[in-house]
Structures are given as C-alpha cells and as structure tokens.
Amino acid sequence: MKNIAILCSGGDVSGMNPAIKHFVEYSIKKGLTPFFVYNGYEGLIDNKIMQANYEDVAGIINKGGTKIFSSRSKRFMQKEYRAQAKANLDKHNIDMLVVLGGDGSFRGMEVFYKEHGIKFCGIPSTIDNDIAGTSYCLGVDTALNVIRNAIDSIRDTASSFGRAFVIETMGRECGYLALVSALTSGAELCLIPEVPYRLQNYENNFQKQIQNGRRYFIAVIAEGIADESQKIAQWFEEKIGIESRISILGHIQRGGNPTVYDRLMAYKFVSHAIDALLNNQTNSVVCFNEDGFSYKSIDEVAKRKYRLDNTLLKSLKEMQDV
Ligand code: F6P
C-alpha cells in the first residue's frame with residue numbers, strides 16, 4: 001500500500017471540502033492510503049498528519065472552508081523546518097502530496113521537492129483567479145456567486161435611496177473578481193488595476209444619465225485599487241451629484257456553500273492530481289483551460305504573471321465606452 005496526503009495552503013476557498021472528500025474516496029479506489037495534513041505547511045512541520053477514511057469526509061461536500069484547515073507558513077520558507085517536515089512525512093511513509101493552494105504555495109513545494117524528493121501535484125485554489133497557466137482556480141465560482149448575492153442586495157438599498165455604491169471586491173492585484181462581477185451584475189463602473197482609468201471620462205455620460213432619470217449607480221472596484229475608493233465615492237458626490245456609500249465585501253467572499261461548478265471542478269482537479277502522482281509525475285500543477293485539463297511545471301505556473309483574458313477586457317471596454 002502506498003500512502004498519499006493532502007493539504008491546504010494559503011487563503012481557503014469554497015471547494016476545498018469537496019476536493020478533500022474526493023481525495024479520500026479516489027485514493028482508496030486507486031489502492032492508496034489517504035492522509036490529511038492539518039493546517040497546511042505548519043502541520044507538516046508540527047506532524048499534524050493523520051490517516052483519513054470515509055467517515056472523515058462524510059457530510060462535508062456542501063461546506064465552505066476546509067475541514068483540514070489552512071495556514072500561510074513563514075517557517076516553511078526555512079530549510080531546517082522543511083527538513084523537519086520531511087522527517088514527519090517519513091514517519092508516515094508518505095512520499096506523495098496533493099497541495100491545494102496558490103502560486104506561493106507551489107513555489108514552496110517545488111523547493112521542498114528539490115531538497116527532499118517528495119512528489120507533489122498542485123491544484124490551483126484561490127478566489128483571486130490570479131495563477132498563470134490556468135484559466136480557472138478552485139473556489140472562484142462560489143466567490144463570484146457570493147459577490148453576486150451581495151451586489152443584488154446592495155442594489156435594493158441603492159435603488160431605494162438613490163445612491164451610488166462603491167463596492168470593493170477581493171483579488172489582491174488581480175481584477176478578475178471585480179470585472180466578472182461588474183459584467184454580471186450590470187454595474188455602471190468597474191475599476192481594476194490592470195486597466196488605467198480617468199474618472200473625468202465618465203462625468204458627462206453619468207451626469208446625462210441622472211438628467212434622464214437614473215436614480216442610482218453601482219461601481220465595482222477591485223482590491224488592488226481599494227486606496228481609491230474614498231476618492232471615487234467623493235467624485236460621485238461632487239461631480240455626479242449623487243450621495244454615495246462605500247461597501248467593502250471582505251471575507252464573506254471566501255465563504256459559502258460550494259457551487260455545483262466548484263464541486264465538479266474539485267472532483268476533476270483531484271482525480272487529475274492523483275493520476276499524475278500515480279503516473280510518476282513528480283512536480284506539476286493541474287491546470288484548466290479552454291482545451292481542458294493539462295499538467296504544467298512550476299515555471300509555467302508560479303514564475304509568470306497571470307494575464308486577464310482578452311475577451312473579458314474587451315467586454316469591460318465595451319461596458320464602459322462613453
Ligand atoms: O488570496 C485570497 C485573499 O482572500 C485575497 O483576495 C485577499 O487579499 C487576501 O486573501 C486576504 O488575506 P487574509 O485572509 O490573510 O486577510
């Protein structure tokens with residue numbers, strides 16, 4: 001019997017629990033013994049490693065977050081702690097790891113693999129959708145649906161009170177969440193770090209819209225330009241002549257029941273990851289693009305900057321063309 005483990009690293013996403021469930025079931029089906037590493041790389045260092053079975057994953061498919069916890073480990077960046085992690089894996093006879101995380105987590109794992117030969121397969125998991133080489137990261141669809149619900153609710157009050165709302169989404173330096181949310185929630189304005197903007201360009205158009213009866217505005221702003229929110233809200237008041245409020249959606253975007261799409265993607269990502277390890281792929285990341293699933297090296301995934309999809313950027317331009 002060969003042993004295989006799974007861990008979550010970095011910001012949790014809805015979709016990790018369905019992935020953990022399928023990991024246990026698919027591993028057993030393939031004749032492997034599954035283990036959980038609790039609390040990410042911290043748990044590797046502290047030997048929080050436990051064998052897992054069917055009962056451990058019963059009733060978790062519909063839950064957000066991660067049953068096995070996550071962390072951002074500073075210690076794992078240090079050689080001596082990585083050696084401790086390797087010693088712990090040896091105690092459990094584990095030499096294969098499935099890692100749910102972002103590009104930083106994969107870079108850490110690559111170093112670990114090169115030092116200690118622990119094979120791994122990464123599954124891109126971040127609501128930011130900012131990993132190069134894959135068009136989809138686990139958790140993004142659930143986050144987008146949470147944002148959609150939030151914006152729908154804000155619209156109720158915005159329309160009742162006749163206000164402009166500046167709504168801030170997460171995503172670090174990546175505007176994906178803001179852009180897709182703006183397009184699918186009918187926002188009037190969307191500002192993201194990837195696209196330079198001048199508020200002045202929208203003035204005439206927005207003022208005219210108010211004259212023609214528009215009562216409220218929805219502006220979706222990416223985290224990467226959150227510093228500007230105050231300025232944008234003020235601009236609505238002073239230049240467009242409409243009362244404004246700022247709404248920071250924050251960590252609600254990381255929670256919620258995983259959507260059908262994320263449950264399905266969790267299933268497929270995990271099957272591909274375990275298959276890769278069984279086929280002796282030593283250090284790769286499962287990616288998903290238009291042409292389906294593929295395996296990519298760390299260089300292709302974690303050492304390049306992601307790029308926003310051109311068709312989305314084009315839609316943003318169309319949406320805001322004034
Ligand atoms: O990377 C996921 C993410 O939710 C980002 O969108 C956000 O900037 C960050 O993590 C928040 O980190 P923390 O949970 O440590 O506050």
# chains A, B, ... in the order shown; residues from 1 in each chain; ligands from 1
call {"tool": "closest_atom_pairs", "arguments": {"of": "chain A", "to": "ligand 1", "cutoff": "8 Å", "atoms": "only C-alpha atoms and all ligand atoms", "output": "Markdown table"}}
result
| residue | atom | partner | partner_atom_place_in_ligand_line | distance |
| --- | --- | --- | --- | --- |
| A:Gly10 | CA | ligand 1 | 1 (O) | 7.1 |
| A:Gly11 | CA | ligand 1 | 2 (C) | 4.8 |
| A:Asp12 | CA | ligand 1 | 2 (C) | 7.5 |
| A:Gly102 | CA | ligand 1 | 1 (O) | 7.8 |
| A:Thr126 | CA | ligand 1 | 2 (C) | 5.8 |
| A:Ile127 | CA | ligand 1 | 2 (C) | 5.8 |
| A:Asp128 | CA | ligand 1 | 6 (O) | 5.3 |
| A:Thr169 | CA | ligand 1 | 6 (O) | 7.9 |
| A:Met170 | CA | ligand 1 | 6 (O) | 4.1 |
| A:Gly171 | CA | ligand 1 | 6 (O) | 3.8 |
| A:Arg172 | CA | ligand 1 | 8 (O) | 4.4 |
| A:Glu223 | CA | ligand 1 | 8 (O) | 7.0 |
| A:Gly250 | CA | ligand 1 | 4 (O) | 8.0 |
| A:His251 | CA | ligand 1 | 4 (O) | 6.7 |
| A:Gln253 | CA | ligand 1 | 4 (O) | 7.6 |
| A:Arg254 | CA | ligand 1 | 4 (O) | 6.4 |
call {"tool": "select_by_dssp", "arguments": {"residues": "segment 10-234 of chain A", "states": "helix (DSSP H, G or I)", "output": "VMD selection string"}}
result
chain A and resid 16 to 29 40 to 45 54 to 57 75 to 77 79 to 91 103 to 116 140 to 161 176 to 185 200 to 211 223 to 234
call {"tool": "select_by_dssp", "arguments": {"residues": "segment 62-156 of chain A", "states": "strand (DSSP E)", "output": "VMD selection string"}}
result
chain A and resid 94 to 101 119 to 124
call {"tool": "residues_around", "arguments": {"residues": "Gln51 of chain A", "least_positions_apart": "4", "cutoff": "7 Å", "atoms": "only C-alpha atoms", "output": "CSV table (one decimal) with all heavy atoms, in the first residue's frame"}}
result
chain,number,residue,atom,x,y,z
A,34,PRO,N,-5.0,7.2,2.2
A,34,PRO,CA,-5.0,8.7,2.2
A,34,PRO,C,-4.7,9.2,3.6
A,34,PRO,O,-5.1,8.6,4.6
A,34,PRO,CB,-6.5,9.0,1.9
A,34,PRO,CG,-7.3,7.8,2.2
A,34,PRO,CD,-6.4,6.6,2.1
A,35,PHE,N,-4.0,10.3,3.7
A,35,PHE,CA,-3.7,11.0,4.9
A,35,PHE,C,-4.1,12.5,4.8
A,35,PHE,O,-4.0,13.0,3.7
A,35,PHE,CB,-2.2,10.9,5.2
A,35,PHE,CG,-1.7,9.6,5.8
A,35,PHE,CD1,-1.6,8.5,5.0
A,35,PHE,CD2,-1.4,9.5,7.1
A,35,PHE,CE1,-1.2,7.3,5.5
A,35,PHE,CE2,-1.0,8.3,7.6
A,35,PHE,CZ,-0.9,7.2,6.8
A,36,PHE,N,-4.5,13.1,5.9
A,36,PHE,CA,-4.7,14.5,5.9
A,36,PHE,C,-3.4,15.2,6.6
A,36,PHE,O,-3.0,14.7,7.6
A,36,PHE,CB,-5.9,14.9,6.8
A,36,PHE,CG,-7.2,14.5,6.2
A,36,PHE,CD1,-8.3,14.4,7.1
A,36,PHE,CD2,-7.4,14.4,4.9
A,36,PHE,CE1,-9.5,14.1,6.6
A,36,PHE,CE2,-8.6,14.1,4.3
A,36,PHE,CZ,-9.7,13.9,5.2
call {"tool": "atom_distance", "arguments": {"atom1": "atom CA of Thr311 of chain A", "atom2": "atom CA of Val180 of chain A"}}
result
11.3 Å
call {"tool": "residues_around", "arguments": {"residues": "Ser185 of chain A", "least_positions_apart": "6", "cutoff": "10 Å", "atoms": "only C-alpha atoms", "output": "MDAnalysis selection string"}}
result
chainID A and resid 147:149 151:152 155 179 218 220
call {"tool": "closest_residue", "arguments": {"among": "A:Met16, A:Ala52, A:Ile242, A:Met77", "to": "Gly104 of chain A", "atoms": "only C-alpha atoms"}}
result
A:Met77
call {"tool": "atom_distance", "arguments": {"atom1": "atom CA of Tyr261 of chain A", "atom2": "atom CA of Val140 of chain A"}}
result
9.5 Å
call {"tool": "closest_atom_pairs", "arguments": {"of": "segment 74-168 of chain A", "to": "segment 282-305 of chain A", "cutoff": "6 Å", "atoms": "only C-alpha atoms", "output": "tab-separated table"}}
result
residue	atom	partner	partner_atom	distance
A:Asp103	CA	A:Ala302	CA	4.8
A:Lys119	CA	A:Thr282	CA	4.6
A:Phe120	CA	A:Asn283	CA	5.1
A:Cys121	CA	A:Ser284	CA	5.1
A:Gly122	CA	A:Val285	CA	4.3
A:Ile123	CA	A:Val286	CA	5.6
A:Ala132	CA	A:Val301	CA	4.9
A:Gly133	CA	A:Val301	CA	5.1
A:Thr134	CA	A:Cys287	CA	4.7
A:Ser135	CA	A:Asn289	CA	5.2
A:Tyr136	CA	A:Phe288	CA	5.9
call {"tool": "write_last_selection", "arguments": {"atoms": "N, CA, C and O atoms", "output": "JSON list (two decimals), in the first residue's frame"}}
result
[["chain", "number", "residue", "atom", "x", "y", "z"],
["A", 103, "ASP", "N", 0.03, 30.24, -6.06],
["A", 103, "ASP", "CA", 1.37, 30.10, -6.65],
["A", 103, "ASP", "C", 2.49, 30.13, -5.60],
["A", 103, "ASP", "O", 3.49, 29.42, -5.73],
["A", 119, "LYS", "N", 7.19, 13.97, -3.95],
["A", 119, "LYS", "CA", 6.44, 14.30, -5.17],
["A", 119, "LYS", "C", 5.18, 15.09, -4.80],
["A", 119, "LYS", "O", 4.56, 14.81, -3.77],
["A", 120, "PHE", "N", 4.82, 16.03, -5.64],
["A", 120, "PHE", "CA", 3.57, 16.74, -5.35],
["A", 120, "PHE", "C", 2.84, 17.08, -6.64],
["A", 120, "PHE", "O", 3.43, 17.16, -7.72],
["A", 121, "CYS", "N", 1.54, 17.28, -6.49],
["A", 121, "CYS", "CA", 0.76, 17.84, -7.59],
["A", 121, "CYS", "C", -0.10, 18.96, -7.01],
["A", 121, "CYS", "O", -0.81, 18.77, -6.02],
["A", 122, "GLY", "N", 0.01, 20.13, -7.61],
["A", 122, "GLY", "CA", -0.72, 21.29, -7.11],
["A", 122, "GLY", "C", -2.09, 21.43, -7.77],
["A", 122, "GLY", "O", -2.25, 21.10, -8.95],
["A", 123, "ILE", "N", -3.05, 21.89, -7.00],
["A", 123, "ILE", "CA", -4.37, 22.23, -7.54],
["A", 123, "ILE", "C", -4.59, 23.71, -7.27],
["A", 123, "ILE", "O", -4.66, 24.14, -6.12],
["A", 132, "ALA", "N", -1.02, 32.07, -13.24],
["A", 132, "ALA", "CA", -0.70, 31.95, -14.66],
["A", 132, "ALA", "C", -0.84, 30.49, -15.09],
["A", 132, "ALA", "O", -0.61, 29.58, -14.30],
["A", 133, "GLY", "N", -1.24, 30.27, -16.32],
["A", 133, "GLY", "CA", -1.26, 28.89, -16.85],
["A", 133, "GLY", "C", -2.59, 28.20, -16.67],
["A", 133, "GLY", "O", -2.83, 27.15, -17.26],
["A", 134, "THR", "N", -3.48, 28.74, -15.84],
["A", 134, "THR", "CA", -4.80, 28.13, -15.69],
["A", 134, "THR", "C", -5.85, 29.23, -15.79],
["A", 134, "THR", "O", -5.67, 30.31, -15.22],
["A", 135, "SER", "N", -6.94, 28.94, -16.50],
["A", 135, "SER", "CA", -7.96, 29.98, -16.59],
["A", 135, "SER", "C", -8.93, 29.88, -15.42],
["A", 135, "SER", "O", -9.73, 30.79, -15.20],
["A", 136, "TYR", "N", -8.86, 28.76, -14.67],
["A", 136, "TYR", "CA", -9.78, 28.61, -13.54],
["A", 136, "TYR", "C", -9.07, 28.09, -12.30],
["A", 136, "TYR", "O", -8.30, 27.14, -12.36]]
call {"tool": "closest_residue", "arguments": {"among": "A:Phe217, A:Phe69, A:Tyr176, A:Tyr267", "to": "Leu308 of chain A", "atoms": "only C-alpha atoms"}}
result
A:Tyr176
call {"tool": "closest_residue", "arguments": {"among": "A:Tyr216, A:Tyr54, A:Phe269, A:Tyr41", "to": "Arg72 of chain A", "atoms": "only C-alpha atoms"}}
result
A:Tyr41
call {"tool": "closest_residue", "arguments": {"among": "A:Val260, A:Val166, A:Leu277, A:Cys174", "to": "Ser229 of chain A", "atoms": "only C-alpha atoms"}}
result
A:Val166
call {"tool": "atom_distance", "arguments": {"atom1": "atom CA of Ile61 of chain A", "atom2": "atom CA of Val24 of chain A"}}
result
12.2 Å
call {"tool": "residues_around", "arguments": {"residues": "segment 86-93 of chain A", "least_positions_apart": "2", "cutoff": "6 Å", "atoms": "only C-alpha atoms", "output": "ChimeraX atom specification"}}
result
/A:47,83-84
call {"tool": "closest_atom_pairs", "arguments": {"of": "segment 200-236 of chain A", "to": "segment 191-196 of chain A", "cutoff": "9 Å", "atoms": "only C-alpha atoms", "output": "Markdown table"}}
result
| residue | atom | partner | partner_atom | distance |
| --- | --- | --- | --- | --- |
| A:Ala219 | CA | A:Leu191 | CA | 7.9 |
| A:Val220 | CA | A:Leu191 | CA | 6.6 |
| A:Ile221 | CA | A:Leu191 | CA | 5.0 |
| A:Ala222 | CA | A:Ile192 | CA | 5.1 |
| A:Glu223 | CA | A:Ile192 | CA | 8.0 |
| A:Gly224 | CA | A:Pro193 | CA | 5.7 |
| A:Ile225 | CA | A:Pro193 | CA | 6.0 |
call {"tool": "write_last_selection", "arguments": {"atoms": "N, CA, C and O atoms", "output": "PDB file, in the first residue's frame"}}
result
ATOM      1  N   ALA A 219     -20.816  50.808  -8.688  1.00  0.00           N
ATOM      2  CA  ALA A 219     -19.423  50.797  -9.162  1.00  0.00           C
ATOM      3  C   ALA A 219     -18.693  49.662  -8.450  1.00  0.00           C
ATOM      4  O   ALA A 219     -18.729  49.578  -7.219  1.00  0.00           O
ATOM      5  N   VAL A 220     -18.071  48.779  -9.205  1.00  0.00           N
ATOM      6  CA  VAL A 220     -17.332  47.672  -8.595  1.00  0.00           C
ATOM      7  C   VAL A 220     -15.839  47.946  -8.727  1.00  0.00           C
ATOM      8  O   VAL A 220     -15.337  48.194  -9.832  1.00  0.00           O
ATOM      9  N   ILE A 221     -15.154  47.916  -7.604  1.00  0.00           N
ATOM     10  CA  ILE A 221     -13.749  48.313  -7.541  1.00  0.00           C
ATOM     11  C   ILE A 221     -12.923  47.133  -7.042  1.00  0.00           C
ATOM     12  O   ILE A 221     -13.276  46.516  -6.033  1.00  0.00           O
ATOM     13  N   ALA A 222     -11.841  46.823  -7.714  1.00  0.00           N
ATOM     14  CA  ALA A 222     -11.002  45.701  -7.280  1.00  0.00           C
ATOM     15  C   ALA A 222     -10.130  46.098  -6.081  1.00  0.00           C
ATOM     16  O   ALA A 222      -9.774  47.269  -5.925  1.00  0.00           O
ATOM     17  N   GLU A 223      -9.818  45.096  -5.276  1.00  0.00           N
ATOM     18  CA  GLU A 223      -8.988  45.331  -4.078  1.00  0.00           C
ATOM     19  C   GLU A 223      -7.688  46.081  -4.413  1.00  0.00           C
ATOM     20  O   GLU A 223      -7.238  46.922  -3.641  1.00  0.00           O
ATOM     21  N   GLY A 224      -7.142  45.780  -5.595  1.00  0.00           N
ATOM     22  CA  GLY A 224      -5.864  46.385  -5.993  1.00  0.00           C
ATOM     23  C   GLY A 224      -5.899  47.900  -6.088  1.00  0.00           C
ATOM     24  O   GLY A 224      -4.848  48.548  -6.086  1.00  0.00           O
ATOM     25  N   ILE A 225      -7.088  48.474  -6.184  1.00  0.00           N
ATOM     26  CA  ILE A 225      -7.156  49.948  -6.179  1.00  0.00           C
ATOM     27  C   ILE A 225      -8.054  50.444  -5.055  1.00  0.00           C
ATOM     28  O   ILE A 225      -8.643  51.536  -5.133  1.00  0.00           O
TER      29      ILE A 225
END
call {"tool": "residues_around", "arguments": {"residues": "Asp262 of chain A", "least_positions_apart": "4", "cutoff": "7 Å", "atoms": "only C-alpha atoms", "output": "list in words"}}
result
Gly15, Leu138, Gly139, Asp141, Thr142, Pro258 and Ala266 of chain A
call {"tool": "closest_residue", "arguments": {"among": "A:Asn17, A:Ser27, A:Asn204, A:Thr33", "to": "Lys67 of chain A", "atoms": "only C-alpha atoms"}}
result
A:Asn17
